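Below is target.csv, which holds CSV, C-alpha atoms and all ligand atoms.
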```
chain,number,residue,atom,x,y,z
A,29,MET,CA,71.7,6.3,-117.3
A,30,ALA,CA,72.8,5.2,-120.7
A,31,LYS,CA,72.9,8.1,-123.3
A,32,LYS,CA,69.8,8.0,-125.4
A,33,SER,CA,70.2,7.4,-129.1
A,34,ARG,CA,69.0,9.9,-131.7
A,35,LYS,CA,66.4,7.4,-132.8
A,36,GLU,CA,65.0,7.3,-129.3
A,37,GLU,CA,64.9,11.1,-129.0
A,38,ILE,CA,62.4,11.4,-131.9
A,39,ILE,CA,59.9,8.8,-130.8
A,40,THR,CA,56.4,10.2,-130.6
A,41,PHE,CA,53.5,8.8,-128.6
A,42,ASN,CA,50.0,8.4,-129.9
A,43,TYR,CA,47.9,7.4,-127.0
A,44,PRO,CA,44.2,8.1,-127.4
A,45,ASP,CA,43.1,11.6,-126.2
A,46,ASP,CA,41.4,10.1,-123.1
A,47,VAL,CA,44.7,8.6,-121.8
A,48,VAL,CA,46.2,11.2,-119.5
A,49,LEU,CA,49.1,9.0,-118.2
A,50,ALA,CA,50.6,5.8,-119.5
A,51,VAL,CA,53.1,3.9,-117.4
A,52,ASN,CA,54.9,1.4,-119.6
A,53,ASP,CA,56.9,-1.5,-118.2
A,54,LEU,CA,58.4,0.8,-115.5
A,55,LYS,CA,61.4,-0.4,-113.5
A,56,ILE,CA,62.9,1.6,-110.6
A,57,TYR,CA,65.9,0.0,-108.9
A,58,PHE,CA,67.8,1.5,-106.0
A,59,GLU,CA,71.5,0.6,-106.0
A,60,LEU,CA,72.9,-0.5,-102.7
A,61,LYS,CA,76.5,0.4,-102.0
A,62,LYS,CA,79.0,-1.8,-100.1
A,63,PHE,CA,81.1,0.3,-97.7
A,64,GLY,CA,79.8,3.4,-99.5
A,65,PHE,CA,81.2,2.5,-103.0
A,66,GLY,CA,81.1,-1.1,-104.3
A,67,ASN,CA,77.8,-2.3,-105.7
A,68,ALA,CA,75.9,-4.6,-103.3
A,69,GLY,CA,72.9,-5.2,-105.5
A,70,TYR,CA,69.7,-3.5,-106.4
A,71,VAL,CA,66.4,-3.0,-104.5
A,72,LYS,CA,63.9,-3.7,-107.3
A,73,ALA,CA,61.2,-1.5,-105.8
A,74,VAL,CA,59.2,-1.2,-109.0
A,75,ASP,CA,59.7,-4.0,-111.4
A,76,GLY,CA,57.7,-4.0,-114.7
A,77,VAL,CA,54.7,-1.9,-113.9
A,78,SER,CA,52.3,-0.9,-116.7
A,79,PHE,CA,48.9,0.9,-116.6
A,80,ASP,CA,46.9,3.7,-118.2
A,81,LEU,CA,45.1,6.4,-116.4
A,82,HIS,CA,42.2,8.0,-118.2
A,83,LYS,CA,40.8,11.5,-118.1
A,84,GLN,CA,38.6,12.1,-115.0
A,85,GLU,CA,39.4,8.6,-113.8
A,86,ALA,CA,40.4,7.6,-110.2
A,87,ILE,CA,42.5,4.5,-109.7
A,88,ALA,CA,43.7,3.1,-106.4
A,89,ILE,CA,46.9,1.2,-105.9
A,90,VAL,CA,46.8,-1.0,-102.9
A,91,GLY,CA,49.4,-3.3,-101.3
A,92,GLU,CA,51.3,-4.0,-98.1
A,93,SER,CA,54.0,-1.8,-96.6
A,94,GLY,CA,57.2,-1.9,-98.7
A,95,CYS,CA,55.6,-3.2,-101.9
A,96,GLY,CA,56.8,-0.1,-103.9
A,97,LYS,CA,53.7,2.2,-103.8
A,98,THR,CA,55.6,5.4,-102.8
A,99,THR,CA,58.4,4.6,-105.2
A,100,LEU,CA,55.9,4.2,-108.1
A,101,MET,CA,54.2,7.5,-107.0
A,102,LYS,CA,57.5,9.4,-106.8
A,103,SER,CA,58.6,8.1,-110.2
A,104,ILE,CA,55.3,9.4,-111.6
A,105,LEU,CA,56.1,12.8,-110.0
A,106,GLY,CA,59.4,12.7,-111.9
A,107,LEU,CA,61.5,12.3,-108.8
A,108,TYR,CA,63.2,9.0,-109.9
A,109,GLU,CA,64.7,8.1,-113.3
A,110,PRO,CA,63.4,4.8,-114.6
A,111,ARG,CA,66.0,2.1,-115.1
A,112,GLU,CA,63.7,0.9,-117.8
A,113,GLY,CA,60.3,1.8,-119.2
A,114,LYS,CA,58.5,5.0,-119.7
A,115,ILE,CA,56.1,7.4,-118.1
A,116,ILE,CA,54.1,9.3,-120.7
A,117,TYR,CA,51.9,12.2,-119.7
A,118,LYS,CA,49.6,13.6,-122.5
A,119,ASN,CA,51.9,12.0,-125.1
A,120,GLU,CA,55.1,13.5,-123.5
A,121,ASP,CA,57.9,11.4,-122.0
A,122,ILE,CA,58.3,13.0,-118.6
A,123,ASN,CA,61.8,11.8,-118.2
A,124,LYS,CA,63.2,13.1,-121.4
A,125,HIS,CA,62.5,16.8,-121.3
A,126,ASP,CA,64.1,20.2,-120.8
A,127,ARG,CA,63.3,22.4,-117.8
A,128,VAL,CA,60.4,24.2,-119.4
A,129,THR,CA,58.5,21.0,-120.1
A,130,LYS,CA,59.3,19.6,-116.7
A,131,ARG,CA,57.9,22.8,-115.1
A,132,TRP,CA,54.8,22.4,-117.3
A,133,TYR,CA,54.4,18.8,-116.1
A,134,HIS,CA,54.8,19.8,-112.5
A,135,SER,CA,52.2,22.5,-112.9
A,136,GLN,CA,49.8,19.8,-114.2
A,137,VAL,CA,50.2,17.3,-111.4
A,138,GLY,CA,49.2,17.9,-107.7
A,139,TYR,CA,50.7,15.9,-104.9
A,140,VAL,CA,49.1,15.0,-101.6
A,141,GLN,CA,51.3,13.1,-99.2
A,142,GLN,CA,50.8,11.1,-96.1
A,143,ASP,CA,52.0,13.5,-93.5
A,144,PRO,CA,50.5,16.9,-93.9
A,145,PHE,CA,52.6,18.6,-91.3
A,146,GLY,CA,55.8,17.3,-93.0
A,147,ALA,CA,54.5,18.5,-96.3
A,148,ILE,CA,54.2,22.2,-95.5
A,149,ALA,CA,56.8,24.6,-94.2
A,150,PRO,CA,56.0,25.3,-90.5
A,151,PHE,CA,57.3,28.9,-90.7
A,152,LEU,CA,55.0,30.0,-93.5
A,153,SER,CA,51.4,31.2,-93.1
A,154,VAL,CA,48.6,29.6,-95.0
A,155,ARG,CA,48.6,32.5,-97.5
A,156,ARG,CA,52.4,32.1,-98.1
A,157,ILE,CA,52.1,28.4,-98.5
A,158,LEU,CA,49.4,28.8,-101.2
A,159,GLU,CA,50.9,31.7,-103.0
A,160,GLU,CA,54.3,30.1,-103.5
A,161,PRO,CA,53.3,27.8,-106.4
A,162,LEU,CA,51.4,30.7,-108.1
A,163,ILE,CA,54.4,33.0,-107.9
A,164,CYS,CA,56.7,30.2,-109.2
A,165,ASN,CA,54.4,29.9,-112.2
A,166,GLY,CA,54.5,33.7,-113.0
A,167,ILE,CA,51.3,34.9,-111.2
A,168,LYS,CA,52.5,37.8,-109.1
A,169,GLU,CA,49.7,40.5,-109.2
A,170,PRO,CA,48.6,40.8,-105.5
A,171,GLY,CA,44.8,41.0,-106.4
A,172,GLU,CA,44.9,37.9,-108.5
A,173,LEU,CA,47.0,36.0,-105.9
A,174,ASP,CA,44.5,36.9,-103.2
A,175,THR,CA,41.5,35.9,-105.3
A,176,ARG,CA,42.9,32.5,-106.2
A,177,ILE,CA,44.0,31.7,-102.7
A,178,ARG,CA,40.6,32.5,-101.3
A,179,LYS,CA,38.8,30.6,-104.0
A,180,VAL,CA,40.8,27.4,-103.4
A,181,MET,CA,40.4,27.7,-99.6
A,182,GLU,CA,36.7,27.8,-100.1
A,183,GLU,CA,36.9,24.8,-102.3
A,184,VAL,CA,38.6,22.8,-99.5
A,185,SER,CA,36.2,24.2,-96.9
A,186,LEU,CA,38.7,26.2,-94.9
A,187,THR,CA,36.1,28.8,-94.2
A,188,PRO,CA,35.6,31.5,-93.1
A,189,VAL,CA,38.8,32.2,-95.1
A,190,ASP,CA,39.8,35.1,-92.9
A,191,ASP,CA,39.9,32.8,-89.8
A,192,PHE,CA,42.6,30.6,-91.5
A,193,ILE,CA,44.5,32.6,-94.1
A,194,ASN,CA,47.1,34.1,-91.7
A,195,LYS,CA,47.5,31.1,-89.5
A,196,TYR,CA,50.6,28.9,-89.3
A,197,PRO,CA,50.5,25.1,-89.7
A,198,HIS,CA,51.0,24.4,-86.0
A,199,MET,CA,47.8,26.3,-85.3
A,200,LEU,CA,45.7,23.9,-87.4
A,201,SER,CA,44.4,20.4,-86.8
A,202,GLY,CA,45.7,17.4,-88.9
A,203,GLY,CA,42.6,17.5,-91.0
A,204,GLN,CA,42.9,21.3,-91.6
A,205,GLN,CA,46.6,20.8,-92.5
A,206,GLN,CA,45.7,18.2,-95.0
A,207,ARG,CA,43.1,20.5,-96.6
A,208,ILE,CA,46.0,23.1,-97.1
A,209,VAL,CA,48.1,20.4,-98.8
A,210,ILE,CA,45.1,19.5,-101.0
A,211,ALA,CA,44.5,23.2,-101.8
A,212,ARG,CA,48.2,23.6,-102.8
A,213,ALA,CA,47.9,20.5,-105.0
A,214,MET,CA,45.0,22.2,-106.9
A,215,ILE,CA,45.8,25.9,-106.9
A,216,LEU,CA,47.4,25.7,-110.4
A,217,GLN,CA,44.2,24.0,-111.7
A,218,GLN,CA,46.2,20.8,-112.0
A,219,LYS,CA,44.7,18.1,-114.2
A,220,MET,CA,46.1,15.1,-112.3
A,221,MET,CA,46.5,14.4,-108.6
A,222,VAL,CA,48.7,11.8,-106.9
A,223,ALA,CA,47.6,11.1,-103.3
A,224,ASP,CA,49.9,8.9,-101.3
A,225,GLU,CA,48.1,7.6,-98.2
A,226,PRO,CA,46.4,11.0,-97.8
A,227,VAL,CA,44.3,10.0,-94.8
A,228,SER,CA,46.3,7.4,-93.0
A,229,MET,CA,47.8,9.8,-90.5
A,230,LEU,CA,44.5,11.5,-89.7
A,231,ASP,CA,42.1,10.7,-86.9
A,232,ALA,CA,39.4,8.2,-88.0
A,233,SER,CA,36.8,10.9,-87.5
A,234,VAL,CA,38.2,13.2,-90.2
A,235,ARG,CA,39.2,10.5,-92.7
A,236,VAL,CA,35.9,10.2,-94.4
A,237,GLU,CA,35.5,14.0,-94.6
A,238,VAL,CA,38.8,14.3,-96.4
A,239,LEU,CA,38.1,11.4,-98.8
A,240,LYS,CA,34.7,13.0,-99.6
A,241,LEU,CA,36.5,16.3,-100.2
A,242,LEU,CA,38.9,14.6,-102.7
A,243,GLU,CA,35.9,12.9,-104.4
A,244,GLY,CA,34.1,16.2,-104.8
A,245,LEU,CA,37.1,18.0,-106.1
A,246,MET,CA,37.7,15.3,-108.6
A,247,LEU,CA,34.2,15.5,-109.9
A,248,ASN,CA,34.1,19.3,-110.0
A,249,HIS,CA,37.4,19.7,-111.7
A,250,GLY,CA,37.5,16.7,-113.9
A,251,LEU,CA,40.7,15.5,-112.2
A,252,SER,CA,42.4,12.2,-112.8
A,253,VAL,CA,43.6,10.7,-109.5
A,254,ILE,CA,46.0,8.1,-108.4
A,255,TYR,CA,45.2,7.1,-104.9
A,256,ILE,CA,47.7,5.1,-103.1
A,257,THR,CA,46.9,3.2,-99.9
A,258,HIS,CA,47.5,0.0,-97.9
A,259,ASP,CA,43.9,0.2,-96.7
A,260,LEU,CA,41.3,-1.3,-99.1
A,261,SER,CA,38.4,-0.2,-97.0
A,262,THR,CA,39.0,3.5,-98.1
A,263,VAL,CA,39.1,2.9,-101.9
A,264,ARG,CA,35.4,2.6,-102.4
A,265,TYR,CA,35.0,6.4,-101.9
A,266,PHE,CA,36.0,7.4,-105.3
A,267,SER,CA,38.2,4.9,-107.2
A,268,GLU,CA,36.9,3.3,-110.4
A,269,ARG,CA,39.6,0.7,-110.8
A,270,ILE,CA,41.9,-0.9,-108.2
A,271,PHE,CA,45.4,-2.2,-108.9
A,272,VAL,CA,46.9,-4.6,-106.4
A,273,MET,CA,50.6,-4.3,-105.9
A,274,TYR,CA,52.9,-7.0,-104.5
A,275,ALA,CA,56.7,-6.9,-104.2
A,276,GLY,CA,57.2,-4.3,-107.0
A,277,ARG,CA,54.6,-5.6,-109.4
A,278,LEU,CA,50.9,-5.1,-110.2
A,279,VAL,CA,49.3,-8.5,-109.8
A,280,GLU,CA,45.6,-7.7,-110.3
A,281,LYS,CA,43.9,-4.8,-112.1
A,282,ALA,CA,40.1,-4.6,-112.1
A,283,LYS,CA,37.1,-2.4,-111.7
A,284,VAL,CA,36.2,-1.9,-108.0
A,285,ASN,CA,33.2,-4.2,-107.9
A,286,ASP,CA,35.1,-7.0,-109.8
A,287,LEU,CA,38.0,-6.7,-107.5
A,288,ILE,CA,36.0,-6.8,-104.3
A,289,PHE,CA,33.5,-9.4,-105.3
A,290,ASN,CA,35.1,-11.4,-108.1
A,291,HIS,CA,38.9,-11.2,-107.4
A,292,LYS,CA,41.1,-13.8,-108.8
A,293,HIS,CA,44.6,-13.4,-107.4
A,294,PRO,CA,45.4,-15.4,-104.2
A,295,TYR,CA,47.2,-12.3,-102.8
A,296,THR,CA,44.1,-10.1,-103.5
A,297,GLU,CA,42.1,-12.6,-101.6
A,298,ALA,CA,44.5,-12.4,-98.6
A,299,LEU,CA,44.5,-8.6,-98.7
A,300,LEU,CA,40.7,-8.5,-98.7
A,301,ALA,CA,40.5,-10.9,-95.8
A,302,ALA,CA,42.9,-8.8,-93.8
A,303,THR,CA,40.7,-5.8,-94.5
A,304,SER,CA,37.5,-7.4,-93.2
A,305,GLU,CA,35.8,-6.2,-90.1
A,306,PRO,CA,37.0,-8.1,-87.1
A,307,ASP,CA,33.7,-9.6,-86.2
A,308,ALA,CA,32.8,-13.3,-85.5
A,309,ALA,CA,31.2,-13.8,-88.9
A,310,ASN,CA,34.6,-13.2,-90.5
A,311,ALA,CA,36.6,-15.5,-88.3
A,312,LYS,CA,36.8,-18.1,-91.0
A,313,ILE,CA,38.1,-15.6,-93.6
A,314,TYR,CA,40.8,-14.6,-91.1
A,315,LYS,CA,42.2,-18.1,-91.1
A,316,GLU,CA,42.9,-17.8,-94.8
A,317,ILE,CA,45.5,-15.0,-94.4
A,318,PRO,CA,48.7,-16.7,-95.5
A,319,GLU,CA,51.6,-16.8,-93.1
A,320,GLY,CA,54.9,-15.1,-93.9
A,321,GLU,CA,56.4,-11.8,-94.8
A,322,PRO,CA,56.6,-10.0,-98.1
A,323,PRO,CA,59.9,-10.9,-99.8
A,324,SER,CA,63.1,-8.9,-99.9
A,325,LEU,CA,63.2,-6.7,-102.9
A,326,LEU,CA,66.9,-7.1,-102.9
A,327,HIS,CA,66.7,-10.8,-103.6
A,328,PRO,CA,63.1,-11.4,-104.7
A,329,PRO,CA,62.1,-15.0,-105.2
A,330,PRO,CA,62.2,-16.4,-108.7
A,331,GLY,CA,59.0,-16.9,-110.7
A,332,CYS,CA,55.9,-15.4,-109.1
A,333,ARG,CA,57.0,-13.3,-106.2
A,334,TYR,CA,54.0,-14.5,-104.1
A,335,HIS,CA,54.9,-18.2,-104.4
A,336,PRO,CA,56.6,-18.6,-101.0
A,337,ARG,CA,53.3,-17.5,-99.3
A,338,CYS,CA,50.8,-18.8,-101.8
A,339,PRO,CA,48.5,-21.7,-100.8
A,340,LYS,CA,47.8,-22.5,-104.5
A,341,MET,CA,51.4,-22.5,-105.7
A,342,ILE,CA,52.0,-24.9,-108.6
A,343,ASP,CA,55.5,-26.4,-108.1
A,344,GLY,CA,57.7,-26.3,-111.2
A,345,LEU,CA,55.8,-23.4,-112.7
A,346,CYS,CA,55.0,-20.7,-110.1
A,347,ASN,CA,58.5,-20.9,-108.5
A,348,VAL,CA,60.2,-20.8,-111.9
A,349,ASP,CA,58.4,-18.4,-114.3
A,350,ASN,CA,56.9,-15.0,-113.7
A,351,PRO,CA,53.3,-15.1,-114.8
A,352,PRO,CA,52.3,-12.7,-117.5
A,353,GLU,CA,49.0,-10.8,-117.3
A,354,PHE,CA,45.9,-12.9,-118.2
A,355,GLU,CA,42.7,-11.2,-119.2
A,356,VAL,CA,39.9,-12.9,-117.1
A,357,GLY,CA,37.1,-10.5,-118.0
A,358,PRO,CA,36.5,-7.0,-119.3
A,359,ASP,CA,39.1,-4.6,-117.9
A,360,HIS,CA,40.2,-7.4,-115.5
A,361,LEU,CA,43.8,-8.6,-115.7
A,362,VAL,CA,45.5,-11.0,-113.3
A,363,SER,CA,49.2,-12.1,-113.1
A,364,CYS,CA,48.7,-15.7,-111.9
A,365,TRP,CA,49.4,-19.0,-113.5
A,366,LEU,CA,46.0,-20.3,-112.3
A,367,TYR,CA,44.4,-18.4,-115.2
A,368,LYS,CA,46.7,-19.4,-118.0
A,369,ASP,CA,43.9,-21.1,-119.8
A,370,ASP,CA,41.7,-18.0,-119.7
A,371,ILE,CA,43.9,-16.1,-122.1
A,372,LYS,CA,41.9,-14.4,-124.8
A,373,ASP,CA,42.9,-14.1,-128.5
B,401,LIG,N1,65.8,5.7,-101.7
B,401,LIG,C1,65.8,4.4,-101.5
B,401,LIG,N2,66.9,3.7,-101.4
B,401,LIG,C2,66.9,2.3,-101.3
B,401,LIG,N3,65.8,1.6,-101.1
B,401,LIG,C3,64.6,2.3,-101.1
B,401,LIG,C4,64.5,3.7,-101.3
B,401,LIG,N4,63.2,4.1,-101.2
B,401,LIG,C5,62.5,2.9,-101.0
B,401,LIG,N5,63.3,1.9,-101.0
B,401,LIG,C6,62.9,0.5,-100.8
B,401,LIG,O1,62.1,0.2,-101.8
B,401,LIG,C7,61.0,-0.7,-101.3
B,401,LIG,C8,59.7,0.0,-101.6
B,401,LIG,O2,59.5,1.1,-100.7
B,401,LIG,P1,58.3,2.1,-100.8
B,401,LIG,O3,58.5,3.2,-99.9
B,401,LIG,O4,58.0,2.4,-102.2
B,401,LIG,O5,57.1,1.1,-100.3
B,401,LIG,P2,55.6,1.5,-99.9
B,401,LIG,O6,54.7,0.5,-100.6
B,401,LIG,O7,55.3,2.9,-100.2
B,401,LIG,O8,55.6,1.2,-98.3
B,401,LIG,P3,54.7,1.9,-97.2
B,401,LIG,O9,53.3,1.3,-97.3
B,401,LIG,O10,55.4,1.5,-95.9
B,401,LIG,O11,54.7,3.4,-97.4
B,401,LIG,C9,61.3,-0.9,-99.9
B,401,LIG,O12,62.0,-2.1,-99.8
B,401,LIG,C10,62.2,0.3,-99.5
B,401,LIG,O13,63.0,-0.1,-98.4
B,402,LIG,S1,51.2,-17.6,-109.9
B,402,LIG,FE1,51.2,-19.4,-108.6
B,402,LIG,S2,52.2,-18.7,-106.7
B,402,LIG,FE2,51.7,-16.9,-107.9
B,402,LIG,S3,49.7,-16.3,-107.0
B,402,LIG,FE3,49.3,-17.6,-108.8
B,402,LIG,S4,49.1,-19.7,-108.0
B,402,LIG,FE4,50.0,-18.5,-106.4
B,403,MG,MG,54.7,4.5,-99.0
```
How would this structure read if it were set down as structure tokens?
Amino acid sequence: MAKKSRKEEIITFNYPDDVVLAVNDLKIYFELKKFGFGNAGYVKAVDGVSFDLHKQEAIAIVGESGCGKTTLMKSILGLYEPREGKIIYKNEDINKHDRVTKRWYHSQVGYVQQDPFGAIAPFLSVRRILEEPLICNGIKEPGELDTRIRKVMEEVSLTPVDDFINKYPHMLSGGQQQRIVIARAMILQQKMMVADEPVSMLDASVRVEVLKLLEGLMLNHGLSVIYITHDLSTVRYFSERIFVMYAGRLVEKAKVNDLIFNHKHPYTEALLAATSEPDAANAKIYKEIPEGEPPSLLHPPPGCRYHPRCPKMIDGLCNVDNPPEFEVGPDHLVSCWLYKDDIKD
């Protein structure tokens, strides 16, 4: 990365107090190497993403496989350096800081990933898994460790605690393992949680239980949550706004009801059609799903990235210029040229 200038170092951010996280024109590119060394291009996995997350708000980011959801999530966790743009948490640039501030940031943000078994060390007991983050953050007194572990296990309904605390991950079901992952993501009394497809690897029978658990924890602890999924049918459990991602960009942002019942972007329409129940009444909607694959992020199409699949594409505009965000209603933004006349002053 280019060395930052002194001027850049002293920038301060003044987001309102209720903005927990601000993602600002974020770009994350992966460099591809030819024969291990020469540059063979960049995978533009996240390409100009901006949004704010408010205190105690849950947002869902939805989109097809490969659209950049996990890359966005990992960059929010501080695992990828932005090529451009910023991620600001409580007015601090998370990519600009010393180890102390990074540690503080990591103690504020919990992470629940898709595969619970892969997320926890198989050779550690539940007690050891849950005490590790506490010890790393300076809590070492055995009585306090025990109290905090038991409390969080009760919160995620791993009870009676004594039946689980000395077990190893392989002795637990998928749903129980995911409860351990959620407990670990909360044990430091984190303020924000990033959940990347937290129920997609669980049996259908436990998915709703785990989503309801997350909803309860969010309400009880005033957590801000980013919930990432490719399955729109699960977002209604606790998200207030939904952002639709396509090929590295957010193409529509709206409150849940607006997005479900008054969506504007042709891709959102296709995504919702693909989510519908497969019954006869929806047969017509199914026909509207556009043909084709998501584009390569190594050589994305010019203009609107959805244009090769879009039934409403305007030749000479959509295939040339990338649409900016148009405000089509309160808290409702859409990146699509069809709404260029809706722009507000
Ligand atoms: N470390 C990496 N190096 C190179 N390319 C990567 C890397 N990580 C992700 N990609 C590419 O970036 C794009 C976005 O991947 P990402 O995993 O973020 O998508 P996703 O939306 O999470 O998909 P899924 O729903 O399948 O989990 C893909 O084309 C992927 O191949
Ligand atoms: S900008 Fe054009 S191609 Fe893109 S979604 Fe809108 S109408 Fe379709
Ligand atoms: Mg992913």
Query raised in the report: Could you state the separation of atom C2 of ligand LIG 401 (chain B) and CA of Leu105 (chain A) in Å, given to one decimal place?
Result: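 That distance, rounded to one decimal, is 17.4 Å.
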Requested in this report: Please give me, as a ChimeraX atom specification, the residues lying within 9 Å of ligand LIG 401 (chain B) when counting only C-alpha atoms and all ligand atoms.
Outcome: /A:56-60,70-74,90-102,142,224-225,256-258,273-276,324-326
Wanna dump the region 169-190 of chain A-region 242-250 of chain A contacts at 12 Å for me, each residue with its shortest atom pair and the distance in Å to one decimal, counting all atoms listed in the file, ordered by chain and number, as a Markdown table?
```
| residue | atom | partner | partner_atom | distance |
| --- | --- | --- | --- | --- |
| A:Val180 | CA | A:Leu245 | CA | 10.5 |
| A:Glu182 | CA | A:Leu245 | CA | 11.5 |
| A:Glu183 | CA | A:Leu245 | CA | 7.8 |
| A:Val184 | CA | A:Leu245 | CA | 8.3 |
| A:Ser185 | CA | A:Leu245 | CA | 11.1 |
```
Report task. Find the distance between CA of Arg178 (chain A) and CA of Asp190 (chain A) and write it in Å to one decimal. Result -> 8.8 Å
Report task. Grab me every residue within 12 Å of ligand LIG 402 (chain B), counting only C-alpha atoms and all ligand atoms, and send it over as a ChimeraX atom specification. Result -> /A:274-275,277-280,291-298,318,329-354,362-368
Query - Residue neighbourhood Asp45 (chain A), 10 Å, all atoms listed in the file, exclusion window fewer than 5 positions, as number ranges by chain - result: A: 82-83, 118-119
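Using all atoms listed in the file, the smallest distance between any of A:Ile157, A:Tyr255, A:Glu321, A:Asp369 and ligand MG 403 (chain B) comes from A:Tyr255.
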Requested in this report: Please indicate the distance in Å from CA of Gln205 (chain A) to CA of Ile177 (chain A), rounded to one decimal place.
Outcome: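 According to the coordinates, CA of Gln205 (chain A) and CA of Ile177 (chain A) are separated by 15.2 Å.
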Report task. Within 7 Å of (55.0, 22.8, -107.3) (coordinates as in the file), grab all the protein and nucleic acid residues, counting all atoms listed in the file, and write them out as a ChimeraX atom specification. Result -> /A:134-135,161
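Considering the residues A:Pro226, A:Gly320, A:Gly202, A:Pro358 and counting all atoms listed in the file, ligand MG 403 (chain B) has its shortest atom-to-atom contact with A:Pro226.
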Query raised in the report: Between A:Leu299, A:Met181, A:Met214, A:Ala223, which one has atoms that come closest to ligand MG 403 (chain B), using only C-alpha atoms and all ligand atoms?
Result: A:Ala223
